[in-house]
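The structure file input34.txt is reproduced below (compact mmCIF, C-alpha atoms and all ligand atoms).
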# COMPACT_ATOMS: atom_id res chain seq x y z
CA MET P 1 0.00 0.00 0.00
CA THR P 2 1.46 3.29 -1.03
CA ARG P 3 -0.67 5.76 0.88
CA ASN P 4 -2.88 5.93 3.93
CA THR P 5 -6.56 6.44 3.30
CA ARG P 6 -7.81 5.90 6.85
CA PHE P 7 -6.82 8.20 9.71
CA GLU P 8 -7.51 6.82 13.18
CA LEU P 9 -6.88 8.32 16.61
CA GLU P 10 -6.31 6.58 19.97
CA GLN P 11 -8.94 6.44 22.73
CA ALA P 12 -6.74 8.89 24.66
CA ASP P 13 -7.40 11.40 21.84
CA ILE P 14 -11.13 11.59 22.62
CA PRO P 15 -11.50 15.32 23.29
CA SER P 16 -11.50 16.29 26.98
CA ALA P 17 -13.60 19.44 26.40
CA TRP P 18 -16.40 20.60 24.14
CA TYR P 19 -15.82 23.85 22.23
CA ASN P 20 -18.28 26.74 22.62
CA LEU P 21 -18.31 29.03 19.57
CA ASN P 22 -20.35 31.56 21.57
CA ALA P 23 -17.06 32.59 23.20
CA ASP P 24 -15.57 33.59 19.82
CA PHE P 25 -18.46 34.97 17.74
CA PRO P 26 -17.52 38.54 16.70
CA GLU P 27 -21.08 39.62 17.65
CA PRO P 28 -23.08 38.08 20.49
CA LEU P 29 -25.86 35.61 19.72
CA PRO P 30 -29.35 37.16 20.18
CA PRO P 31 -30.92 35.60 23.30
CA PRO P 32 -34.03 33.39 23.29
CA LEU P 33 -37.21 35.26 24.25
CA HIS P 34 -40.04 34.28 26.57
CA PRO P 35 -43.07 33.37 24.39
CA GLY P 36 -45.40 35.46 26.59
CA SER P 37 -43.43 38.56 27.62
CA LYS P 38 -41.13 38.58 24.53
CA GLN P 39 -38.32 39.52 26.94
CA PRO P 40 -35.03 37.56 27.17
CA MET P 41 -35.81 34.17 28.69
CA PRO P 42 -34.69 33.94 32.33
CA ALA P 43 -32.82 30.69 33.11
CA GLU P 44 -35.42 29.71 35.75
CA ALA P 45 -38.18 29.77 33.16
CA LEU P 46 -36.45 26.93 31.30
CA GLU P 47 -36.33 24.73 34.39
CA ALA P 48 -39.82 23.40 33.71
CA ILE P 49 -38.40 21.43 30.81
CA PHE P 50 -34.59 21.21 31.21
CA PRO P 51 -32.33 20.43 34.17
CA ARG P 52 -30.31 23.37 35.51
CA ASN P 53 -26.92 21.90 34.54
CA LEU P 54 -27.91 21.77 30.85
CA ILE P 55 -29.48 25.25 31.01
CA GLU P 56 -26.10 26.53 32.27
CA GLN P 57 -24.44 24.97 29.23
CA GLU P 58 -27.13 26.41 26.97
CA MET P 59 -26.38 29.92 28.22
CA SER P 60 -22.65 29.55 28.79
CA ALA P 61 -20.06 31.87 27.27
CA GLU P 62 -17.16 29.66 28.49
CA LYS P 63 -14.96 28.70 25.58
CA TRP P 64 -14.22 25.13 26.71
CA ILE P 65 -16.53 22.93 28.76
CA GLU P 66 -14.95 19.86 30.26
CA ILE P 67 -16.43 16.53 29.19
CA PRO P 68 -17.21 14.50 32.34
CA GLU P 69 -15.21 11.28 32.59
CA PRO P 70 -18.31 8.98 32.63
CA VAL P 71 -19.34 10.54 29.30
CA ARG P 72 -15.85 10.09 27.80
CA GLU P 73 -15.93 6.45 28.91
CA ILE P 74 -19.17 5.91 27.01
CA TYR P 75 -17.86 7.89 24.02
CA ALA P 76 -15.01 5.34 23.97
CA LEU P 77 -17.51 2.70 22.78
CA TRP P 78 -17.25 4.29 19.31
CA ARG P 79 -15.02 7.38 19.50
CA PRO P 80 -12.70 8.57 18.08
CA THR P 81 -14.50 7.96 14.80
CA PRO P 82 -12.41 7.45 11.65
CA LEU P 83 -11.53 10.01 8.99
CA LEU P 84 -11.26 8.45 5.54
CA ARG P 85 -10.10 9.62 2.17
CA ALA P 86 -12.62 8.64 -0.53
CA VAL P 87 -10.04 7.69 -3.16
CA ARG P 88 -12.46 5.52 -5.17
CA LEU P 89 -15.04 8.28 -5.33
CA GLU P 90 -12.31 10.70 -6.48
CA LYS P 91 -11.38 8.25 -9.21
CA ALA P 92 -14.99 7.68 -10.28
CA LEU P 93 -15.44 11.45 -10.59
CA ASN P 94 -12.08 11.82 -12.33
CA THR P 95 -11.47 14.84 -10.15
CA PRO P 96 -8.21 16.43 -8.99
CA ALA P 97 -9.97 17.18 -5.66
CA HIS P 98 -9.03 15.21 -2.56
CA ILE P 99 -12.17 14.11 -0.72
CA TYR P 100 -12.14 13.30 3.01
CA TYR P 101 -15.04 12.24 5.21
CA LYS P 102 -15.48 11.95 8.95
CA TYR P 103 -17.59 8.87 9.59
CA GLU P 104 -20.07 9.14 12.49
CA GLY P 105 -22.06 6.08 11.40
CA VAL P 106 -19.85 3.76 13.52
CA SER P 107 -21.79 4.67 16.68
CA PRO P 108 -24.19 2.17 18.30
CA ALA P 109 -27.24 4.01 16.92
CA GLY P 110 -25.59 4.60 13.54
CA SER P 111 -25.27 8.40 13.63
CA HIS P 112 -23.74 11.42 15.37
CA LYS P 113 -26.83 11.90 17.57
CA VAL P 114 -25.39 9.81 20.44
CA ASN P 115 -22.68 12.45 20.92
CA THR P 116 -25.36 14.55 22.63
CA SER P 117 -27.88 11.94 23.83
CA VAL P 118 -25.26 10.46 26.18
CA PRO P 119 -24.29 13.73 27.93
CA GLN P 120 -27.94 14.83 28.04
CA ALA P 121 -28.92 11.59 29.79
CA TYR P 122 -25.88 11.89 32.08
CA TYR P 123 -26.65 15.47 33.18
CA ASN P 124 -30.33 14.65 33.64
CA GLN P 125 -29.51 11.69 35.82
CA LEU P 126 -27.20 13.88 37.93
CA ALA P 127 -30.07 16.36 38.32
CA GLY P 128 -32.47 13.62 39.49
CA THR P 129 -34.57 13.27 36.32
CA LYS P 130 -36.37 9.90 36.16
CA ARG P 131 -37.85 10.05 32.70
CA LEU P 132 -37.05 11.87 29.43
CA ALA P 133 -39.57 12.87 26.76
CA THR P 134 -38.60 13.67 23.21
CA GLU P 135 -39.68 13.70 19.56
CA THR P 136 -38.12 12.00 16.59
CA GLY P 137 -38.51 12.21 12.82
CA ALA P 138 -37.04 9.27 10.96
CA GLY P 139 -35.97 7.80 14.30
CA GLN P 140 -32.22 8.55 14.47
CA TRP P 141 -32.61 10.86 17.44
CA GLY P 142 -35.19 8.70 19.21
CA ALA P 143 -32.95 5.64 18.87
CA SER P 144 -29.97 7.64 20.17
CA LEU P 145 -31.84 8.87 23.24
CA ALA P 146 -33.28 5.40 23.87
CA PHE P 147 -29.71 4.03 23.84
CA ALA P 148 -28.46 6.71 26.27
CA CYS P 149 -31.44 6.26 28.63
CA SER P 150 -30.85 2.50 28.69
CA LEU P 151 -27.23 3.08 29.83
CA PHE P 152 -28.38 5.49 32.58
CA ARG P 153 -31.45 3.38 33.51
CA MET P 154 -33.95 6.15 32.78
CA GLU P 155 -37.38 5.88 31.16
CA CYS P 156 -37.64 7.29 27.66
CA ASN P 157 -40.92 8.39 26.05
CA ILE P 158 -40.77 9.21 22.35
CA TYR P 159 -43.23 10.94 19.99
CA MET P 160 -42.37 9.77 16.48
CA VAL P 161 -43.63 11.66 13.40
CA ARG P 162 -46.47 9.56 11.99
CA VAL P 163 -45.19 9.09 8.40
CA SER P 164 -41.94 7.69 9.73
CA TYR P 165 -43.68 5.63 12.43
CA ASP P 166 -45.71 3.95 9.70
CA GLN P 167 -43.11 3.78 6.93
CA LYS P 168 -39.85 3.23 8.86
CA PRO P 169 -40.52 0.52 11.43
CA TYR P 170 -36.93 -0.57 12.03
CA ARG P 171 -35.74 2.38 14.10
CA ARG P 172 -38.98 2.13 16.09
CA MET P 173 -37.97 -1.49 16.81
CA LEU P 174 -34.47 -0.33 17.74
CA MET P 175 -35.99 2.13 20.24
CA HIS P 176 -38.05 -0.73 21.70
CA ALA P 177 -34.93 -2.92 21.90
CA TRP P 178 -33.31 -0.19 24.04
CA GLY P 179 -36.40 -0.09 26.24
CA ALA P 180 -38.14 3.14 25.13
CA SER P 181 -41.89 3.75 24.63
CA VAL P 182 -42.71 5.08 21.17
CA HIS P 183 -45.95 6.82 20.08
CA SER P 184 -47.11 7.86 16.63
CA SER P 185 -47.42 11.69 16.53
CA PRO P 186 -49.93 13.37 16.42
CA SER P 187 -51.12 11.07 19.22
CA ASN P 188 -54.17 11.05 21.43
CA LEU P 189 -51.96 11.18 24.54
CA THR P 190 -51.69 14.99 24.62
CA HIS P 191 -54.15 17.88 24.32
CA TYR P 192 -52.22 19.23 21.36
CA GLY P 193 -52.08 15.87 19.58
CA ARG P 194 -55.84 15.42 20.02
CA LYS P 195 -56.47 18.95 18.68
CA VAL P 196 -54.40 18.28 15.55
CA LEU P 197 -56.11 14.92 14.98
CA ALA P 198 -59.55 16.48 15.39
CA GLU P 199 -58.71 19.00 12.64
CA ASP P 200 -57.05 16.46 10.35
CA PRO P 201 -57.33 12.77 11.24
CA GLN P 202 -54.90 11.93 8.38
CA CYS P 203 -52.24 14.45 9.47
CA PRO P 204 -48.85 12.91 8.53
CA GLY P 205 -47.21 14.65 11.49
CA ALA P 206 -44.22 16.98 11.58
CA LEU P 207 -41.27 17.48 13.89
CA GLY P 208 -42.77 20.72 15.20
CA ILE P 209 -45.98 18.87 16.23
CA ALA P 210 -44.03 16.05 17.89
CA ILE P 211 -41.96 18.63 19.81
CA SER P 212 -45.17 20.27 21.08
CA GLU P 213 -46.38 16.85 22.27
CA ALA P 214 -43.09 16.01 24.01
CA VAL P 215 -42.98 19.41 25.74
CA GLU P 216 -46.61 19.00 26.91
CA ASP P 217 -45.77 15.49 28.18
CA THR P 218 -42.82 16.95 30.10
CA VAL P 219 -44.72 19.69 31.89
CA SER P 220 -47.59 17.37 32.78
CA ASN P 221 -45.51 14.47 34.21
CA PRO P 222 -43.49 15.02 37.41
CA GLY P 223 -39.90 13.74 37.27
CA THR P 224 -39.86 14.18 33.47
CA LYS P 225 -37.58 16.49 31.50
CA TYR P 226 -37.49 17.23 27.80
CA SER P 227 -34.57 16.41 25.54
CA LEU P 228 -33.92 17.82 22.07
CA GLY P 229 -31.61 16.21 19.50
CA SER P 230 -30.60 19.32 17.55
CA VAL P 231 -30.99 23.12 17.24
CA LEU P 232 -30.07 24.19 20.81
CA ASN P 233 -26.69 25.59 21.84
CA HIS P 234 -25.82 22.74 24.21
CA VAL P 235 -26.58 20.16 21.48
CA CYS P 236 -24.26 21.93 19.02
CA LEU P 237 -21.70 22.13 21.84
CA HIS P 238 -21.73 18.37 22.47
CA GLN P 239 -21.28 17.66 18.77
CA THR P 240 -18.00 19.59 18.57
CA VAL P 241 -16.10 16.39 19.43
CA ILE P 242 -16.53 15.68 15.69
CA GLY P 243 -14.61 18.75 14.52
CA GLU P 244 -11.98 18.62 17.27
CA GLU P 245 -11.05 15.07 16.29
CA THR P 246 -11.14 15.96 12.60
CA ILE P 247 -8.66 18.83 13.02
CA LYS P 248 -6.10 16.34 14.42
CA GLN P 249 -6.89 13.75 11.76
CA MET P 250 -6.49 16.23 8.89
CA GLU P 251 -3.12 17.19 10.40
CA ASN P 252 -2.19 13.49 10.44
CA ALA P 253 -3.26 13.27 6.80
CA GLY P 254 -0.99 16.25 6.08
CA GLU P 255 -3.72 18.34 4.44
CA GLU P 256 -5.95 21.31 5.23
CA PRO P 257 -9.50 21.43 3.92
CA ASP P 258 -10.41 24.16 1.42
CA VAL P 259 -14.14 23.50 1.56
CA ILE P 260 -16.05 21.83 4.42
CA PHE P 261 -19.58 20.42 4.01
CA ALA P 262 -22.23 18.98 6.30
CA CYS P 263 -25.95 18.49 5.92
CA CYS P 264 -28.31 20.68 7.94
CA GLY P 265 -31.55 19.61 9.57
CA GLY P 266 -31.60 21.47 12.88
CA GLY P 267 -27.88 22.12 12.40
CA SER P 268 -26.15 19.92 14.98
CA ASN P 269 -23.89 17.66 12.89
CA PHE P 270 -22.97 20.70 10.80
CA ALA P 271 -22.13 22.59 14.01
CA GLY P 272 -20.15 19.61 15.29
CA LEU P 273 -17.82 19.54 12.31
CA ALA P 274 -17.85 23.24 11.43
CA PHE P 275 -17.60 25.16 14.71
CA PRO P 276 -14.00 24.13 15.55
CA PHE P 277 -13.01 25.13 11.99
CA ILE P 278 -14.92 28.43 12.34
CA ARG P 279 -12.77 29.06 15.44
CA LYS P 280 -9.69 28.74 13.22
CA LYS P 281 -11.30 31.09 10.68
CA ILE P 282 -11.98 33.73 13.34
CA LEU P 283 -8.78 33.40 15.38
CA GLU P 284 -6.19 32.23 12.86
CA GLY P 285 -7.50 33.91 9.72
CA LYS P 286 -8.05 30.61 7.90
CA LYS P 287 -9.91 30.93 4.62
CA TYR P 288 -12.03 27.76 4.64
CA ARG P 289 -15.35 27.84 2.81
CA ILE P 290 -17.86 26.13 5.11
CA VAL P 291 -21.13 25.03 3.49
CA GLY P 292 -24.35 23.83 5.13
CA VAL P 293 -26.41 21.66 2.78
CA GLU P 294 -30.18 21.34 3.12
CA PRO P 295 -33.07 19.83 1.14
CA SER P 296 -34.82 22.04 -1.41
CA ALA P 297 -38.07 20.74 0.13
CA CYS P 298 -37.27 22.29 3.53
CA PRO P 299 -34.89 25.16 2.75
CA SER P 300 -34.66 27.19 5.97
CA LEU P 301 -31.12 28.53 5.39
CA THR P 302 -31.46 29.32 1.69
CA GLN P 303 -35.11 30.48 1.57
CA GLY P 304 -36.09 31.12 5.18
CA GLU P 305 -36.29 34.46 6.98
CA LEU P 306 -33.97 35.38 9.85
CA ARG P 307 -36.35 36.30 12.68
CA TYR P 308 -37.63 35.23 16.07
CA ASP P 309 -39.81 32.13 15.77
CA PHE P 310 -41.03 29.24 17.88
CA GLY P 311 -39.22 25.92 17.92
CA ASP P 312 -42.49 23.96 17.79
CA THR P 313 -45.78 24.11 15.94
CA ALA P 314 -48.03 24.89 18.92
CA GLY P 315 -45.91 27.94 19.86
CA THR P 316 -45.03 26.79 23.38
CA THR P 317 -41.20 26.93 23.24
CA PRO P 318 -39.06 30.04 23.73
CA LEU P 319 -38.72 32.24 20.64
CA MET P 320 -35.34 31.81 18.95
CA MET P 321 -33.62 34.10 16.43
CA MET P 322 -33.14 31.77 13.49
CA TYR P 323 -33.62 31.21 9.78
CA THR P 324 -37.16 29.81 9.61
CA LEU P 325 -39.83 28.78 7.15
CA GLY P 326 -42.44 29.55 9.82
CA HIS P 327 -43.27 27.30 12.75
CA ASP P 328 -46.38 25.94 11.03
CA PHE P 329 -44.42 24.82 7.94
CA ILE P 330 -44.94 21.11 7.18
CA PRO P 331 -42.59 19.68 4.55
CA PRO P 332 -44.26 17.69 1.76
CA SER P 333 -44.61 14.03 2.76
CA ILE P 334 -43.20 12.84 -0.59
CA HIS P 335 -39.85 14.14 0.67
CA ALA P 336 -37.92 11.02 1.73
CA GLY P 337 -34.59 12.49 2.74
CA GLY P 338 -35.08 13.56 6.35
CA LEU P 339 -34.00 17.07 7.47
CA ARG P 340 -37.61 18.15 7.90
CA TYR P 341 -37.31 20.87 10.56
CA HIS P 342 -38.82 24.31 9.85
CA GLY P 343 -36.04 26.28 11.55
CA MET P 344 -32.29 26.20 12.06
CA SER P 345 -30.02 26.27 15.08
CA PRO P 346 -29.67 29.89 16.29
CA MET P 347 -25.87 29.46 16.39
CA VAL P 348 -25.73 28.12 12.82
CA SER P 349 -28.13 30.91 11.73
CA HIS P 350 -25.87 33.49 13.41
CA ALA P 351 -22.79 32.06 11.66
CA LEU P 352 -24.60 32.43 8.31
CA LYS P 353 -25.69 35.98 9.10
CA LEU P 354 -22.09 36.90 9.98
CA GLY P 355 -20.83 35.47 6.70
CA LEU P 356 -18.77 32.75 8.39
CA ILE P 357 -20.59 30.00 6.47
CA GLU P 358 -22.61 29.52 3.26
CA ALA P 359 -25.64 27.40 2.41
CA GLU P 360 -26.79 25.31 -0.56
CA ALA P 361 -29.96 23.29 -1.20
CA TYR P 362 -30.40 20.10 -3.26
CA HIS P 363 -33.41 18.20 -4.53
CA GLN P 364 -33.86 14.67 -3.26
CA THR P 365 -33.24 12.86 -6.57
CA LYS P 366 -29.80 14.53 -6.82
CA VAL P 367 -29.17 13.57 -3.21
CA PHE P 368 -29.97 9.89 -3.79
CA GLU P 369 -27.99 9.88 -7.03
CA ALA P 370 -24.93 11.06 -5.06
CA ALA P 371 -25.64 8.55 -2.27
CA ILE P 372 -25.70 5.66 -4.74
CA LEU P 373 -22.48 6.87 -6.39
CA PHE P 374 -20.86 7.00 -2.95
CA ALA P 375 -22.16 3.54 -1.95
CA ARG P 376 -20.99 1.96 -5.21
CA ASN P 377 -17.47 3.36 -4.80
CA GLU P 378 -16.84 3.66 -1.07
CA GLY P 379 -19.09 0.82 0.11
CA ILE P 380 -20.91 2.59 2.93
CA VAL P 381 -24.62 3.19 2.27
CA PRO P 382 -24.98 6.72 3.63
CA ALA P 383 -27.95 8.07 5.59
CA PRO P 384 -30.23 10.08 3.27
CA GLU P 385 -29.65 13.10 5.52
CA SER P 386 -25.85 12.89 5.21
CA SER P 387 -26.20 12.37 1.47
CA HIS P 388 -27.15 16.03 1.06
CA ALA P 389 -23.53 16.82 1.95
CA ILE P 390 -22.36 14.18 -0.54
CA ALA P 391 -24.42 15.81 -3.32
CA ALA P 392 -22.67 19.13 -2.64
CA VAL P 393 -19.23 17.46 -2.48
CA VAL P 394 -19.83 15.72 -5.82
CA ALA P 395 -20.84 19.04 -7.42
CA GLU P 396 -17.70 20.72 -6.03
CA ALA P 397 -15.46 17.84 -7.16
CA ILE P 398 -16.90 18.14 -10.67
CA ARG P 399 -16.24 21.91 -10.63
CA ALA P 400 -12.64 21.14 -9.62
CA ARG P 401 -12.35 18.83 -12.64
CA GLU P 402 -13.85 21.40 -15.01
CA GLU P 403 -11.60 24.16 -13.72
CA GLY P 404 -8.58 21.82 -13.62
CA LYS P 405 -7.89 23.02 -10.08
CA ALA P 406 -7.19 20.66 -7.19
CA ARG P 407 -8.70 21.36 -3.78
CA VAL P 408 -9.27 19.51 -0.53
CA LEU P 409 -12.90 18.74 0.33
CA LEU P 410 -14.04 17.51 3.73
CA PHE P 411 -17.52 16.39 4.74
CA ASN P 412 -19.33 14.86 7.65
CA LEU P 413 -20.85 11.46 6.93
CA SER P 414 -23.22 11.85 9.86
CA GLY P 415 -24.75 8.36 9.69
CA HIS P 416 -25.27 5.16 7.73
CA GLY P 417 -28.45 4.39 5.82
CA LEU P 418 -28.90 0.70 6.60
CA LEU P 419 -32.25 1.39 8.23
CA ASP P 420 -33.31 3.72 5.40
CA LEU P 421 -33.26 1.15 2.63
CA SER P 422 -36.94 1.63 1.80
CA SER P 423 -36.10 5.19 0.65
CA TYR P 424 -33.27 3.77 -1.49
CA GLU P 425 -35.66 1.23 -2.95
CA SER P 426 -38.13 4.01 -3.84
CA TYR P 427 -35.35 5.96 -5.54
CA LEU P 428 -34.06 2.95 -7.47
CA HIS P 429 -37.60 2.21 -8.68
CA GLY P 430 -37.98 5.80 -9.92
CA LYS P 431 -40.64 6.57 -7.33
CA LEU P 432 -39.04 9.66 -5.79
CA GLN P 433 -40.11 13.03 -7.12
CA ASP P 434 -38.71 16.47 -6.46
CA VAL P 435 -40.90 19.21 -5.08
C1 LIG P 501 -27.79 10.86 10.04
C2 LIG P 501 -28.37 12.22 10.28
N1 LIG P 501 -27.68 13.28 9.83
C3 LIG P 501 -28.17 14.53 10.01
C4 LIG P 501 -29.37 14.76 10.64
C5 LIG P 501 -29.86 16.16 10.76
O1 LIG P 501 -29.80 16.68 12.03
P1 LIG P 501 -28.78 17.78 12.44
O2 LIG P 501 -28.91 18.89 11.45
O3 LIG P 501 -29.14 18.14 13.80
O4 LIG P 501 -27.42 17.13 12.37
C6 LIG P 501 -30.12 13.70 11.12
C7 LIG P 501 -31.41 13.96 11.77
O5 LIG P 501 -32.05 13.16 12.33
C8 LIG P 501 -29.59 12.40 10.95
O6 LIG P 501 -30.25 11.35 11.39

Could the structure of this file be written out as structure tokens, please?
Ligand SMILES: Cc1ncc(COP(=O)(O)O)c(C=O)c1O
Amino acid sequence: MTRNTRFELEQADIPSAWYNLNADFPEPLPPPLHPGSKQPMPAEALEAIFPRNLIEQEMSAEKWIEIPEPVREIYALWRPTPLLRAVRLEKALNTPAHIYYKYEGVSPAGSHKVNTSVPQAYYNQLAGTKRLATETGAGQWGASLAFACSLFRMECNIYMVRVSYDQKPYRRMLMHAWGASVHSSPSNLTHYGRKVLAEDPQCPGALGIAISEAVEDTVSNPGTKYSLGSVLNHVCLHQTVIGEETIKQMENAGEEPDVIFACCGGGSNFAGLAFPFIRKKILEGKKYRIVGVEPSACPSLTQGELRYDFGDTAGTTPLMMMYTLGHDFIPPSIHAGGLRYHGMSPMVSHALKLGLIEAEAYHQTKVFEAAILFARNEGIVPAPESSHAIAAVVAEAIRAREEGKARVLLFNLSGHGLLDLSSYESYLHGKLQDV
């Protein structure tokens, strides 16, 4: 073998601290507002749904937050994750670009989401929480929280968006295997779910509706707290282990990325890879282009408005300053590729507003075309969500070929798609349409 294509780190290299970009933003992040008073949200007001230790992280301006040892020990089940160079994809595209990917699909739940579900369960257990409530779309987040709750012996109650509950049974089964309870959302277990069902008994559900149900469940059940798998500052914070490891691995590969890509749903895997590189942009004057890639069917970054909006459909969460399509936006149900959230992480939105990052949107047929190309050359069947980043990488690699200019591309392969094969089957049978 003449060259290394796989860059591994030792367990001792698992980061010892999470990186908080809020310490380095050139302008402060606008605060969340109370939905009633429209004044900045006091920390105590969040205690109805989150434990105090996570609220402190949410509001922290500390640059580094130490990762507790019990969390690092669990991270060691799958971290550090590998960085690979996609030499076969480069060859298939006949591109002078070098393509690297950080692979988060090696985790027990198959995606990056466990990087935050584990610390969230840990901090909740420390705070005395007995039960966590959450929502999930295609099931990646629900499965990740179910896994973390099983390790910390906590109950886990999950509202799963109805289309996915019906069409994607395997992650529901995975959640059951880890001991969680899973309900199709809208459900008849909450006032809000019953209201939505009364208006539209066939409602396919949406993440915003499932969030409203999980929040209602939390405030009406003592000992329960709410857990969110994306969007919030502390979730982005926990994901920065991805980028911190990648910086070391790129050094070991002897290259610096020119362009960095990750898909964007609520923004957390993007934040995880990008924020440590944004630090280098701000503090070391690096010139990376950093691109968030979203579906054309749910284009909050490229078509949304930057304004205060609710995180859920019912309008019960704090108002966050973010790029949003409106909290009542429901993505078309023919869209198979995940990433169905109406808004975007306030931190990712702020980075876009400040010009530190860019955004692109792709239609789902292009996304699956890129996913198949990747699978047939690199072997891994990527999660449909992650494949948005692959579509953008392929387009950039083709531009490099056309311009005859080499460049180093890096992307986050946030999960595998082995439980998303029905979407692949639909694509391969020509059943996916663009909206
Ligand atoms: C594999 C994978 N990647 C990306 C996402 C999008 O979420 P986020 O933008 O928070 O990373 C999801 C969402 O469930 C996912 O399962």

Mind running chain P against ligand LIG 501 (chain P) at 9 Å and telling me each contacting residue's nearest atom pair with the distance in Å (one decimal), counting only C-alpha atoms and all ligand atoms, chain and number ascending, as a tab-separated table?
residue	atom	partner	partner_atom	distance
P:Glu104	CA	P:LIG501	C1	8.3
P:Gly105	CA	P:LIG501	C1	7.6
P:Gly110	CA	P:LIG501	C1	7.5
P:Ser111	CA	P:LIG501	C1	5.0
P:His112	CA	P:LIG501	C1	6.7
P:Lys113	CA	P:LIG501	O6	7.1
P:Thr136	CA	P:LIG501	O5	7.5
P:Gly137	CA	P:LIG501	O5	6.5
P:Ala138	CA	P:LIG501	O5	6.5
P:Gly139	CA	P:LIG501	O5	6.9
P:Gln140	CA	P:LIG501	O6	4.6
P:Trp141	CA	P:LIG501	O5	5.6
P:Gly142	CA	P:LIG501	O5	8.8
P:Gly229	CA	P:LIG501	O3	6.5
P:Ser230	CA	P:LIG501	O3	4.2
P:Val231	CA	P:LIG501	O3	6.3
P:Val235	CA	P:LIG501	O3	8.3
P:Cys236	CA	P:LIG501	O3	8.1
P:Gln239	CA	P:LIG501	O4	8.9
P:Ala262	CA	P:LIG501	O4	8.2
P:Cys263	CA	P:LIG501	C3	6.1
P:Cys264	CA	P:LIG501	O2	4.0
P:Gly265	CA	P:LIG501	O2	3.3
P:Gly266	CA	P:LIG501	O2	4.0
P:Gly267	CA	P:LIG501	O2	3.5
P:Ser268	CA	P:LIG501	O3	3.7
P:Asn269	CA	P:LIG501	O4	3.6
P:Phe270	CA	P:LIG501	O4	5.9
P:Ala271	CA	P:LIG501	O4	7.8
P:Gly272	CA	P:LIG501	O4	8.2
P:Glu294	CA	P:LIG501	O2	8.8
P:Gly338	CA	P:LIG501	C7	6.6
P:Leu339	CA	P:LIG501	C5	5.4
P:Arg340	CA	P:LIG501	C7	8.4
P:Tyr341	CA	P:LIG501	O2	8.7
P:Met344	CA	P:LIG501	O2	8.1
P:Ser345	CA	P:LIG501	O3	8.3
P:Pro382	CA	P:LIG501	C1	8.1
P:Ala383	CA	P:LIG501	C1	5.3
P:Pro384	CA	P:LIG501	C1	7.2
P:Glu385	CA	P:LIG501	N1	4.7
P:Ser386	CA	P:LIG501	N1	5.0
P:Ser387	CA	P:LIG501	N1	8.5
P:Asn412	CA	P:LIG501	N1	8.8
P:Leu413	CA	P:LIG501	C1	7.6
P:Ser414	CA	P:LIG501	C1	4.7
P:Gly415	CA	P:LIG501	C1	4.0
P:His416	CA	P:LIG501	C1	6.6
P:Gly417	CA	P:LIG501	C1	7.8

Counting only C-alpha atoms, which residues come within 9 Å of (-49.8, 17.5, 15.1), with the point read in the file's coordinates, and could you list them as a ChimeraX atom specification? /P:161,185-187,192-197,200,203-210,212-213,313-314

Compile the contact shell of Pro28 of chain P as a list in words: residues with an atom at most 12 Å away, counting all atoms listed in the file, same-chain residues fewer than 6 positions apart removed.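 The filter keeps Leu21, Asn22, Met59, Ser60, Ala61, Met321, Pro346, Met347, His350, Ala351, Lys353 and Leu354 of chain P.
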
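You can rank P:Thr81, P:Ser37, P:Asn4, P:Ser107 by their closest distance to Glu245 of chain P using all atoms listed in the file, and at the top of that list sits P:Thr81.
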
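Using all atoms listed in the file, the nearest neighbour of Ile357 of chain P within the list P:Phe277, P:Tyr101, P:Tyr170, P:Tyr226 is P:Phe277.
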
Identify which of the residues P:Pro96, P:Gln202, P:Tyr362, P:Thr224 lies closest to Glu155 of chain P, counting all atoms listed in the file when measuring atom-to-atom distances. P:Thr224
